[in-house]
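See structure below.
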Amino acid sequence: MATLNAKYQPYPAYKSSGIEWLGDIPAHWEVRRLKTLATVQLSNVDKKSEEGQAVVGLCNYVDVYYNERIRSDVDFMVATASEDQIRRFSLHKGDVLVTKDSESWTDIAVSAVVSENFPDVLCGYHLAHIRPGGHCDGAFLSRAFSATGPGNQYETAANGITRFGLTGDAIREGVFPVPPLKEQRAIADFLDRETARIDALVAKKERLIELLQEKRTALITRAVTRGLDPDVPMKDSGVEWLGEIPAHWEVKRLKHLVGKVGSGKTPKGGAERYVDDGVMLLRSQNVHFGGLRLTDVAYIDGDTDDEMAGSRVLEGDVLLNITGASLGRSCVAKLSGKDANVNQHVCIIRPNQQQDEPKFLAYSIESRPLQDQIFNNENGVSRDALNFEQIGDLVFARPSKNEQQAIAASLERETAKLDSLVAKIREAIERLRELRSALISAAVTGRIDVREEAEA
């Protein structure tokens with residue numbers, strides 16, 4: 001808030017809202033329950049199609065979760081609906097759609113405002129359809145749902161054990177600070193303009209990260225397929241997609257160089273078996289290019305580890321994600337003396353460390369030729385996946401161990417510089433996103449007066 005307070009002024013006068021979490025509000029604002037501002041309906045339109053019903057577009061949970069505005073460029077799902085459902089749930093400009101249930105309470109009450117009339121598109125299941133009345137602006141209300149304070153009340157109200165949800169009454173009883181309608185629209189317009197500026201900055205920084213990551217991949221690919229000496233004699237590798245390699249290197253399949261290719265399993269009982277401290281259970285979210293990330297590592301007790309003895313991780317094992325969105329990510333297991341195991345989504349590749357350098361193998365897996373092999377071998381039905389035979393058949397260029405070590409050491413130095421730049425850019429992006437969130441919250445709760453800014 002310090003940055004915002006330095007740039008924007010508060011309102012001239014405030015009064016108590018009477019709500020502890022809201023605190024003071026501008027003196028001319030009101031505190032209103034949502035039911036006095038808008039009509040709220042929980043959608044009963046699902047994605048199943050029924051014969052004889054009209055074909056409609058369906059705005060679903062994902063469309064709202066990833067879009068602050070519902071526009072014509074959203075790829076709506078096709079479904080069918082009854083005449084009553086079309087009458088009740090078709091989308092009008094200014095409607096607000098809100099996620100009403102989710103597997104995570106933090107995904108509750110995510111909102112989007114409808115930017116135009118969609119008579120043939122309906123609010124889908126898992127969403128609440130909110131139509132503002134004459135004294136409420138939909139764009140302002142949608143921003144208020146995303147603000148710290150008004151939005152948090154719905155996280156608190158969500159109930160459930162494995163899935164969290166809001167009743168219609170819980171949504172209607174929500175409390176909002178409400179300025180006059182003209183001021184609501186001014187605040188909404190101001191936030192549209194300012195968040196667009198922040199989003200543009202974030203997009204530029206994300207593009208810079210993409211370019212740095214492309215540079216990282218190119219650097220690694222050149223080193224693990226051509227070595228460090230630009231003048232070394234080359235030969236045809238005999239593999240079309242690999243091209244030329246140094247004349248003294250060889251081409252090998254992974255299975256001929258490692259002592260183990262295997263994965264673990266999820267303990268019987270799943271997350272209920274996790275403990276606060278014990279043996280690390282490494283999952284796909286822990287395995288990243290460049291090393292393990294252990295901020296959210298799970299732990300299992302010694303008995304569970306004994307049950308999973310076949311999937312214990314040793315120092316220097318190369319770990320490879322073999323299913324899901326993180327397929328192909330890999331790194332060397334640096335355990336610092338700690339015990340570890342893996343679940344079924346992570347493959348253990350155990351090189352013969354007397355003959356091969358694990359870091360070189362991990363970098364090779366990160367290179368473009370190996371990643372291309374991995375993604376050409378996807379065989380999952382519902383998820384992308386690799387089996388052990390396909391992993392063993394991966395082909396890579398192999399120098400001597402001494403040269404592997406020299407290449408790995410060089411890549412560690414060079415990639416560390418790139419990784420440091422990426423980390424700084426990610427920090428800057430996070431600060432921008434925090435600023436964006438703080439700006440929205442401050443504007444819709446009256447902490448800052450943006451009326452003049454909106455007019456400008």
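Residue numbers start at 1 in each chain; chains themselves are named A, B, ... in the order of the structure tokens; ligands are numbered from 1 in the order shown.
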
Can you list every residue in stretch 199-344 of chain A that DSSP puts in alpha helix (DSSP H), as a short mmCIF file (atom, residue, chain, number, x, y, z; two decimals) with all heavy atoms, in the first residue's frame?
data_model
loop_
_atom_site.label_atom_id
_atom_site.label_comp_id
_atom_site.auth_asym_id
_atom_site.auth_seq_id
_atom_site.Cartn_x
_atom_site.Cartn_y
_atom_site.Cartn_z
N ASP A 199 -0.63 -5.42 -17.04
CA ASP A 199 -0.64 -6.68 -17.79
C ASP A 199 0.31 -6.62 -18.98
O ASP A 199 0.97 -7.62 -19.31
CB ASP A 199 -2.06 -7.00 -18.26
CG ASP A 199 -3.00 -7.33 -17.12
OD1 ASP A 199 -2.52 -7.60 -16.01
OD2 ASP A 199 -4.23 -7.29 -17.34
N ALA A 200 0.40 -5.45 -19.62
CA ALA A 200 1.32 -5.31 -20.75
C ALA A 200 2.77 -5.42 -20.29
O ALA A 200 3.60 -6.06 -20.96
CB ALA A 200 1.09 -3.96 -21.44
N LEU A 201 3.09 -4.84 -19.14
CA LEU A 201 4.44 -4.96 -18.59
C LEU A 201 4.75 -6.42 -18.24
O LEU A 201 5.85 -6.92 -18.52
CB LEU A 201 4.58 -4.09 -17.34
CG LEU A 201 4.73 -2.59 -17.56
CD1 LEU A 201 4.68 -1.85 -16.23
CD2 LEU A 201 6.05 -2.28 -18.28
N VAL A 202 3.78 -7.09 -17.63
CA VAL A 202 3.97 -8.50 -17.28
C VAL A 202 4.20 -9.33 -18.53
O VAL A 202 5.09 -10.20 -18.57
CB VAL A 202 2.76 -9.03 -16.49
CG1 VAL A 202 2.81 -10.56 -16.37
CG2 VAL A 202 2.71 -8.40 -15.10
N ALA A 203 3.42 -9.07 -19.58
CA ALA A 203 3.57 -9.83 -20.83
C ALA A 203 4.97 -9.65 -21.42
O ALA A 203 5.58 -10.60 -21.92
CB ALA A 203 2.50 -9.40 -21.83
N LYS A 204 5.50 -8.42 -21.38
CA LYS A 204 6.84 -8.17 -21.89
C LYS A 204 7.89 -8.94 -21.09
O LYS A 204 8.83 -9.51 -21.66
CB LYS A 204 7.15 -6.68 -21.86
CG LYS A 204 6.41 -5.85 -22.90
CD LYS A 204 6.78 -4.38 -22.82
CE LYS A 204 6.04 -3.56 -23.86
NZ LYS A 204 6.37 -2.12 -23.77
N LYS A 205 7.73 -8.96 -19.79
CA LYS A 205 8.69 -9.67 -18.94
C LYS A 205 8.57 -11.18 -19.13
O LYS A 205 9.57 -11.90 -19.11
CB LYS A 205 8.48 -9.27 -17.47
CG LYS A 205 8.88 -7.83 -17.19
CD LYS A 205 8.75 -7.45 -15.74
CE LYS A 205 9.13 -5.99 -15.51
NZ LYS A 205 10.52 -5.70 -15.89
N GLU A 206 7.35 -11.67 -19.31
CA GLU A 206 7.18 -13.10 -19.56
C GLU A 206 7.80 -13.49 -20.89
O GLU A 206 8.37 -14.58 -21.03
CB GLU A 206 5.69 -13.45 -19.52
CG GLU A 206 5.11 -13.44 -18.12
CD GLU A 206 3.63 -13.73 -18.08
OE1 GLU A 206 2.96 -13.47 -19.11
OE2 GLU A 206 3.14 -14.19 -17.04
N ARG A 207 7.69 -12.61 -21.88
CA ARG A 207 8.33 -12.88 -23.17
C ARG A 207 9.84 -12.90 -23.03
O ARG A 207 10.52 -13.73 -23.66
CB ARG A 207 7.90 -11.82 -24.19
CG ARG A 207 8.57 -11.96 -25.56
CD ARG A 207 8.34 -13.34 -26.15
NE ARG A 207 9.00 -13.49 -27.44
CZ ARG A 207 9.38 -14.66 -27.94
NH1 ARG A 207 9.15 -15.78 -27.26
NH2 ARG A 207 9.97 -14.73 -29.11
N LEU A 208 10.38 -12.01 -22.21
CA LEU A 208 11.82 -12.00 -21.97
C LEU A 208 12.26 -13.31 -21.31
O LEU A 208 13.32 -13.86 -21.66
CB LEU A 208 12.20 -10.81 -21.09
CG LEU A 208 13.68 -10.65 -20.75
CD1 LEU A 208 14.53 -10.59 -22.01
CD2 LEU A 208 13.90 -9.40 -19.91
N ILE A 209 11.46 -13.83 -20.39
CA ILE A 209 11.77 -15.12 -19.78
C ILE A 209 11.78 -16.22 -20.83
O ILE A 209 12.68 -17.08 -20.85
CB ILE A 209 10.76 -15.45 -18.66
CG1 ILE A 209 11.00 -14.55 -17.44
CG2 ILE A 209 10.85 -16.92 -18.25
CD1 ILE A 209 9.99 -14.74 -16.34
N GLU A 210 10.80 -16.20 -21.74
CA GLU A 210 10.77 -17.20 -22.81
C GLU A 210 12.04 -17.15 -23.64
O GLU A 210 12.62 -18.20 -23.99
CB GLU A 210 9.55 -16.96 -23.71
CG GLU A 210 8.22 -17.29 -23.06
CD GLU A 210 7.06 -16.97 -23.99
OE1 GLU A 210 7.32 -16.61 -25.17
OE2 GLU A 210 5.91 -17.05 -23.55
N LEU A 211 12.50 -15.93 -23.98
CA LEU A 211 13.71 -15.79 -24.79
C LEU A 211 14.94 -16.29 -24.04
O LEU A 211 15.81 -16.96 -24.64
CB LEU A 211 13.90 -14.33 -25.19
CG LEU A 211 12.85 -13.76 -26.16
CD1 LEU A 211 13.04 -12.26 -26.32
CD2 LEU A 211 12.92 -14.47 -27.51
N LEU A 212 15.01 -16.01 -22.75
CA LEU A 212 16.14 -16.50 -21.95
C LEU A 212 16.11 -18.02 -21.83
O LEU A 212 17.17 -18.67 -21.87
CB LEU A 212 16.11 -15.86 -20.56
CG LEU A 212 16.48 -14.37 -20.51
CD1 LEU A 212 16.18 -13.79 -19.13
CD2 LEU A 212 17.95 -14.17 -20.86
N GLN A 213 14.93 -18.58 -21.70
CA GLN A 213 14.83 -20.04 -21.63
C GLN A 213 15.18 -20.68 -22.96
O GLN A 213 15.80 -21.76 -23.00
CB GLN A 213 13.43 -20.43 -21.17
CG GLN A 213 13.17 -20.09 -19.71
CD GLN A 213 11.73 -20.34 -19.27
OE1 GLN A 213 10.81 -20.28 -20.07
NE2 GLN A 213 11.55 -20.61 -17.99
N GLU A 214 14.80 -20.02 -24.05
CA GLU A 214 15.21 -20.53 -25.37
C GLU A 214 16.73 -20.48 -25.51
O GLU A 214 17.34 -21.41 -26.06
CB GLU A 214 14.54 -19.70 -26.47
CG GLU A 214 13.04 -19.94 -26.60
CD GLU A 214 12.38 -18.98 -27.58
OE1 GLU A 214 13.12 -18.23 -28.25
OE2 GLU A 214 11.14 -18.98 -27.66
N LYS A 215 17.33 -19.40 -25.02
CA LYS A 215 18.79 -19.28 -25.07
C LYS A 215 19.42 -20.37 -24.22
O LYS A 215 20.44 -20.96 -24.62
CB LYS A 215 19.21 -17.90 -24.55
CG LYS A 215 20.71 -17.65 -24.61
CD LYS A 215 21.06 -16.23 -24.20
CE LYS A 215 22.56 -15.99 -24.28
NZ LYS A 215 22.93 -14.60 -23.89
N ARG A 216 18.84 -20.66 -23.08
CA ARG A 216 19.36 -21.72 -22.19
C ARG A 216 19.33 -23.07 -22.90
O ARG A 216 20.31 -23.82 -22.88
CB ARG A 216 18.51 -21.77 -20.92
CG ARG A 216 19.02 -22.70 -19.83
CD ARG A 216 18.04 -22.71 -18.66
NE ARG A 216 18.63 -23.17 -17.42
CZ ARG A 216 18.79 -24.43 -17.06
NH1 ARG A 216 18.38 -25.38 -17.88
NH2 ARG A 216 19.36 -24.76 -15.92
N THR A 217 18.19 -23.37 -23.54
CA THR A 217 18.08 -24.64 -24.25
C THR A 217 19.08 -24.73 -25.40
O THR A 217 19.71 -25.78 -25.61
CB THR A 217 16.64 -24.81 -24.79
OG1 THR A 217 15.72 -24.79 -23.69
CG2 THR A 217 16.49 -26.14 -25.54
N ALA A 218 19.23 -23.64 -26.14
CA ALA A 218 20.18 -23.64 -27.26
C ALA A 218 21.61 -23.83 -26.76
O ALA A 218 22.40 -24.57 -27.37
CB ALA A 218 20.06 -22.33 -28.03
N LEU A 219 21.96 -23.17 -25.65
CA LEU A 219 23.30 -23.30 -25.07
C LEU A 219 23.56 -24.75 -24.66
O LEU A 219 24.63 -25.32 -24.96
CB LEU A 219 23.39 -22.38 -23.85
CG LEU A 219 24.69 -22.42 -23.04
CD1 LEU A 219 25.80 -21.77 -23.85
CD2 LEU A 219 24.51 -21.69 -21.71
N ILE A 220 22.59 -25.36 -23.99
CA ILE A 220 22.74 -26.74 -23.54
C ILE A 220 22.82 -27.68 -24.73
O ILE A 220 23.68 -28.58 -24.78
CB ILE A 220 21.56 -27.12 -22.62
CG1 ILE A 220 21.67 -26.37 -21.29
CG2 ILE A 220 21.52 -28.63 -22.38
CD1 ILE A 220 20.43 -26.47 -20.42
N THR A 221 21.94 -27.48 -25.71
CA THR A 221 21.90 -28.37 -26.86
C THR A 221 23.23 -28.37 -27.60
O THR A 221 23.76 -29.44 -27.97
CB THR A 221 20.76 -27.95 -27.82
OG1 THR A 221 19.50 -28.08 -27.12
CG2 THR A 221 20.74 -28.81 -29.06
N ARG A 222 23.78 -27.20 -27.81
CA ARG A 222 25.07 -27.12 -28.52
C ARG A 222 26.17 -27.83 -27.73
O ARG A 222 26.96 -28.60 -28.29
CB ARG A 222 25.46 -25.66 -28.75
CG ARG A 222 26.79 -25.53 -29.49
CD ARG A 222 27.11 -24.11 -29.88
NE ARG A 222 28.39 -24.06 -30.59
CZ ARG A 222 28.55 -24.31 -31.88
NH1 ARG A 222 27.50 -24.62 -32.62
NH2 ARG A 222 29.74 -24.25 -32.45
N ALA A 223 26.20 -27.63 -26.42
CA ALA A 223 27.27 -28.21 -25.61
C ALA A 223 27.19 -29.73 -25.56
O ALA A 223 28.22 -30.41 -25.63
CB ALA A 223 27.23 -27.63 -24.20
N VAL A 224 25.98 -30.29 -25.43
CA VAL A 224 25.88 -31.75 -25.26
C VAL A 224 25.83 -32.50 -26.59
O VAL A 224 25.83 -33.73 -26.61
CB VAL A 224 24.65 -32.13 -24.41
CG1 VAL A 224 24.72 -31.51 -23.03
CG2 VAL A 224 23.34 -31.79 -25.10
N THR A 225 25.80 -31.78 -27.70
CA THR A 225 25.84 -32.45 -29.00
C THR A 225 27.10 -32.11 -29.81
O THR A 225 27.46 -32.84 -30.72
CB THR A 225 24.61 -32.08 -29.87
OG1 THR A 225 24.58 -30.67 -30.06
CG2 THR A 225 23.34 -32.56 -29.20
N ARG A 226 27.80 -31.01 -29.46
CA ARG A 226 28.98 -30.59 -30.22
C ARG A 226 30.21 -30.35 -29.34
O ARG A 226 31.30 -30.13 -29.86
CB ARG A 226 28.67 -29.33 -31.03
CG ARG A 226 27.49 -29.49 -31.98
CD ARG A 226 27.20 -28.22 -32.75
NE ARG A 226 28.23 -27.95 -33.75
CZ ARG A 226 28.26 -28.46 -34.98
NH1 ARG A 226 27.28 -29.28 -35.35
NH2 ARG A 226 29.21 -28.16 -35.83
N GLY A 302 9.22 -43.84 8.14
CA GLY A 302 10.16 -44.90 7.82
C GLY A 302 9.50 -46.18 7.37
O GLY A 302 10.00 -46.87 6.47
N ASP A 303 8.36 -46.55 7.99
CA ASP A 303 7.65 -47.78 7.60
C ASP A 303 7.17 -47.68 6.16
O ASP A 303 7.27 -48.65 5.39
CB ASP A 303 6.47 -48.02 8.54
CG ASP A 303 6.92 -48.41 9.95
OD1 ASP A 303 8.08 -48.86 10.10
OD2 ASP A 303 6.11 -48.25 10.88
N THR A 304 6.62 -46.52 5.79
CA THR A 304 6.15 -46.34 4.41
C THR A 304 7.32 -46.38 3.45
O THR A 304 7.24 -46.97 2.36
CB THR A 304 5.40 -45.00 4.27
OG1 THR A 304 4.35 -44.94 5.24
CG2 THR A 304 4.82 -44.83 2.88
N ASP A 305 8.44 -45.79 3.85
CA ASP A 305 9.64 -45.83 3.01
C ASP A 305 10.11 -47.26 2.81
O ASP A 305 10.53 -47.64 1.72
CB ASP A 305 10.74 -44.98 3.65
CG ASP A 305 12.03 -45.02 2.84
OD1 ASP A 305 11.98 -44.71 1.64
OD2 ASP A 305 13.08 -45.34 3.42
N ASP A 306 10.02 -48.08 3.87
CA ASP A 306 10.40 -49.49 3.75
C ASP A 306 9.51 -50.22 2.76
O ASP A 306 9.97 -51.09 2.00
CB ASP A 306 10.33 -50.18 5.11
CG ASP A 306 11.45 -49.75 6.05
OD1 ASP A 306 12.47 -49.23 5.54
OD2 ASP A 306 11.30 -49.91 7.28
N GLU A 307 8.21 -49.87 2.74
CA GLU A 307 7.29 -50.47 1.79
C GLU A 307 7.65 -50.11 0.35
O GLU A 307 7.32 -50.82 -0.58
CB GLU A 307 5.86 -50.00 2.07
CG GLU A 307 5.29 -50.46 3.41
CD GLU A 307 3.94 -49.79 3.70
OE1 GLU A 307 3.37 -49.19 2.76
OE2 GLU A 307 3.48 -49.89 4.84
#

Taking the chain letters and numbering used in this document, name the residues of stretch 91-339 of chain A that DSSP puts in strand (DSSP E or B), as a count of residues only. 67

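Those residues that approach A:Ala157 to within 7 Å, counting only C-alpha atoms, are Gln153, Leu166 and Ala170 of chain A; same-chain residues fewer than 4 positions away are not listed.
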
Requested write-out: all heavy atoms of the selected residues, as a CSV table (one decimal), in the first residue's frame:
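In the end it all went to out_16.csv:
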chain,number,residue,atom,x,y,z
A,153,GLN,N,-14.4,-13.0,2.0
A,153,GLN,CA,-15.6,-13.4,2.7
A,153,GLN,C,-16.2,-14.7,2.1
A,153,GLN,O,-16.8,-15.5,2.8
A,153,GLN,CB,-16.7,-12.3,2.8
A,153,GLN,CG,-17.3,-11.9,1.5
A,153,GLN,CD,-18.2,-10.7,1.6
A,153,GLN,OE1,-19.0,-10.6,2.6
A,153,GLN,NE2,-18.1,-9.8,0.7
A,166,LEU,N,-20.3,-22.9,-2.6
A,166,LEU,CA,-21.1,-21.8,-2.0
A,166,LEU,C,-22.6,-22.0,-2.4
A,166,LEU,O,-22.9,-22.4,-3.5
A,166,LEU,CB,-20.7,-20.4,-2.6
A,166,LEU,CG,-19.3,-19.9,-2.2
A,166,LEU,CD1,-18.9,-18.7,-3.1
A,166,LEU,CD2,-19.4,-19.4,-0.7
A,170,ALA,N,-25.5,-18.0,0.5
A,170,ALA,CA,-24.2,-17.5,0.9
A,170,ALA,C,-23.7,-16.4,0.0
A,170,ALA,O,-23.1,-15.4,0.4
A,170,ALA,CB,-23.2,-18.7,1.0

Select from stretch 83-197 of chain A every residue with an atom at most 12 Å from any atom of stretch 61-79 of chain A, then for each give the shortest pair of atoms and their distance in Å to one decimal, using only C-alpha atoms, rows by chain and rising number, as JSON lines.
{"residue": "A:Gln85", "atom": "CA", "partner": "A:Ala79", "partner_atom": "CA", "distance": 11.9}
{"residue": "A:Ile86", "atom": "CA", "partner": "A:Ala79", "partner_atom": "CA", "distance": 11.6}
{"residue": "A:Leu91", "atom": "CA", "partner": "A:Ile70", "partner_atom": "CA", "distance": 9.5}
{"residue": "A:His92", "atom": "CA", "partner": "A:Ile70", "partner_atom": "CA", "distance": 10.5}
{"residue": "A:Lys93", "atom": "CA", "partner": "A:Ile70", "partner_atom": "CA", "distance": 9.3}
{"residue": "A:Gly94", "atom": "CA", "partner": "A:Arg69", "partner_atom": "CA", "distance": 9.9}
{"residue": "A:Asp95", "atom": "CA", "partner": "A:Ile70", "partner_atom": "CA", "distance": 9.6}
{"residue": "A:Val96", "atom": "CA", "partner": "A:Arg69", "partner_atom": "CA", "distance": 9.2}
{"residue": "A:Leu97", "atom": "CA", "partner": "A:Val64", "partner_atom": "CA", "distance": 6.9}
{"residue": "A:Val98", "atom": "CA", "partner": "A:Val64", "partner_atom": "CA", "distance": 7.2}
{"residue": "A:Thr99", "atom": "CA", "partner": "A:Tyr61", "partner_atom": "CA", "distance": 6.3}
{"residue": "A:Lys100", "atom": "CA", "partner": "A:Tyr61", "partner_atom": "CA", "distance": 9.0}
{"residue": "A:Asp101", "atom": "CA", "partner": "A:Tyr61", "partner_atom": "CA", "distance": 9.1}
{"residue": "A:Ser102", "atom": "CA", "partner": "A:Tyr61", "partner_atom": "CA", "distance": 9.2}
{"residue": "A:Thr106", "atom": "CA", "partner": "A:Tyr65", "partner_atom": "CA", "distance": 11.5}
{"residue": "A:Asp107", "atom": "CA", "partner": "A:Tyr65", "partner_atom": "CA", "distance": 8.1}
{"residue": "A:Ile108", "atom": "CA", "partner": "A:Tyr65", "partner_atom": "CA", "distance": 9.7}
{"residue": "A:Ala109", "atom": "CA", "partner": "A:Tyr65", "partner_atom": "CA", "distance": 9.5}
{"residue": "A:Val110", "atom": "CA", "partner": "A:Tyr65", "partner_atom": "CA", "distance": 6.2}
{"residue": "A:Ser111", "atom": "CA", "partner": "A:Val64", "partner_atom": "CA", "distance": 6.3}
{"residue": "A:Ala112", "atom": "CA", "partner": "A:Glu68", "partner_atom": "CA", "distance": 4.4}
{"residue": "A:Val113", "atom": "CA", "partner": "A:Arg69", "partner_atom": "CA", "distance": 5.0}
{"residue": "A:Val114", "atom": "CA", "partner": "A:Ile70", "partner_atom": "CA", "distance": 4.7}
{"residue": "A:Ser115", "atom": "CA", "partner": "A:Arg71", "partner_atom": "CA", "distance": 5.7}
{"residue": "A:Glu116", "atom": "CA", "partner": "A:Arg71", "partner_atom": "CA", "distance": 6.7}
{"residue": "A:Asn117", "atom": "CA", "partner": "A:Arg71", "partner_atom": "CA", "distance": 9.2}
{"residue": "A:Phe118", "atom": "CA", "partner": "A:Ser72", "partner_atom": "CA", "distance": 8.4}
{"residue": "A:Pro119", "atom": "CA", "partner": "A:Ser72", "partner_atom": "CA", "distance": 11.9}
{"residue": "A:Asp120", "atom": "CA", "partner": "A:Val78", "partner_atom": "CA", "distance": 10.3}
{"residue": "A:Val121", "atom": "CA", "partner": "A:Phe76", "partner_atom": "CA", "distance": 7.9}
{"residue": "A:Leu122", "atom": "CA", "partner": "A:Ala79", "partner_atom": "CA", "distance": 9.3}
{"residue": "A:Cys123", "atom": "CA", "partner": "A:Tyr61", "partner_atom": "CA", "distance": 9.2}
{"residue": "A:Gly124", "atom": "CA", "partner": "A:Tyr61", "partner_atom": "CA", "distance": 7.3}
{"residue": "A:Tyr125", "atom": "CA", "partner": "A:Tyr61", "partner_atom": "CA", "distance": 7.5}
{"residue": "A:His126", "atom": "CA", "partner": "A:Tyr61", "partner_atom": "CA", "distance": 6.2}
{"residue": "A:Leu127", "atom": "CA", "partner": "A:Tyr61", "partner_atom": "CA", "distance": 6.4}
{"residue": "A:Ala128", "atom": "CA", "partner": "A:Tyr61", "partner_atom": "CA", "distance": 9.9}
{"residue": "A:His129", "atom": "CA", "partner": "A:Val64", "partner_atom": "CA", "distance": 11.4}
{"residue": "A:Gly138", "atom": "CA", "partner": "A:Arg69", "partner_atom": "CA", "distance": 10.7}
{"residue": "A:Ala139", "atom": "CA", "partner": "A:Arg69", "partner_atom": "CA", "distance": 8.8}
{"residue": "A:Phe140", "atom": "CA", "partner": "A:Glu68", "partner_atom": "CA", "distance": 11.8}
{"residue": "A:Leu141", "atom": "CA", "partner": "A:Glu68", "partner_atom": "CA", "distance": 11.8}
{"residue": "A:Ser142", "atom": "CA", "partner": "A:Glu68", "partner_atom": "CA", "distance": 8.2}
{"residue": "A:Arg143", "atom": "CA", "partner": "A:Glu68", "partner_atom": "CA", "distance": 8.8}
{"residue": "A:Phe145", "atom": "CA", "partner": "A:Glu68", "partner_atom": "CA", "distance": 11.1}
{"residue": "A:Ser146", "atom": "CA", "partner": "A:Glu68", "partner_atom": "CA", "distance": 9.7}
{"residue": "A:Leu191", "atom": "CA", "partner": "A:Glu68", "partner_atom": "CA", "distance": 11.9}
{"residue": "A:Asp192", "atom": "CA", "partner": "A:Glu68", "partner_atom": "CA", "distance": 10.2}
{"residue": "A:Thr195", "atom": "CA", "partner": "A:Glu68", "partner_atom": "CA", "distance": 11.0}
{"residue": "A:Ala196", "atom": "CA", "partner": "A:Glu68", "partner_atom": "CA", "distance": 11.4}

Mind checking which residues fall within 7 Å of stretch 30-37 of chain A, counting only C-alpha atoms, ignoring those fewer than 5 positions away in the same chain, and posting them as an MDAnalysis selection string? chainID A and resid 17 132:133 135:136 172:179

Next, dump the selected residues to file, keeping only C-alpha atoms, as a CSV table (one decimal), in the first residue's frame.
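Final output, result08.csv:
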chain,number,residue,atom,x,y,z
A,17,SER,CA,-18.5,0.6,7.7
A,132,PRO,CA,-26.8,-6.4,-11.4
A,133,GLY,CA,-29.8,-4.1,-10.7
A,135,HIS,CA,-27.8,0.9,-9.0
A,136,CYS,CA,-24.9,-1.6,-9.6
A,172,ARG,CA,-26.5,-13.3,-1.8
A,173,GLU,CA,-25.5,-12.4,1.8
A,174,GLY,CA,-22.1,-11.2,0.8
A,175,VAL,CA,-21.3,-7.6,1.8
A,176,PHE,CA,-19.9,-5.0,-0.5
A,177,PRO,CA,-18.8,-1.3,-0.2
A,178,VAL,CA,-20.9,0.6,-2.8
A,179,PRO,CA,-20.2,4.1,-4.2

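When only C-alpha atoms are used to compute distances to A:Leu418, the closest of the residues A:Ile374, A:Gln184, A:Gly290, A:Ala333 turns out to be A:Gly290.
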
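Interatomic distance, atom CA of A:Gly269 against atom CA of A:Gly324: 21.3 Å.
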
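Taking atom CA of A:Gly262 and atom CA of A:Ile348 as the two end points, the separation is 5.3 Å.
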
Quick one: everything within 8 Å of A:Leu257, counting only C-alpha atoms, minus sequence neighbours fewer than 2 positions away in the same chain. Send it as a PyMOL selection string. chain A and resi 252-255+259+351-352+356

Could the residues in this selection be written to a file with C-alpha atoms, as a CSV table (one decimal), in the first residue's frame?
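The result, written out as selection-v4.csv:
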chain,number,residue,atom,x,y,z
A,252,LYS,CA,24.3,-44.6,-27.3
A,253,ARG,CA,20.8,-45.6,-26.0
A,254,LEU,CA,20.2,-44.8,-22.4
A,255,LYS,CA,19.4,-48.4,-21.4
A,259,GLY,CA,21.8,-49.5,-14.0
A,351,PRO,CA,23.9,-43.9,-14.3
A,352,ASN,CA,27.1,-45.8,-13.7
A,356,ASP,CA,29.2,-41.3,-16.8
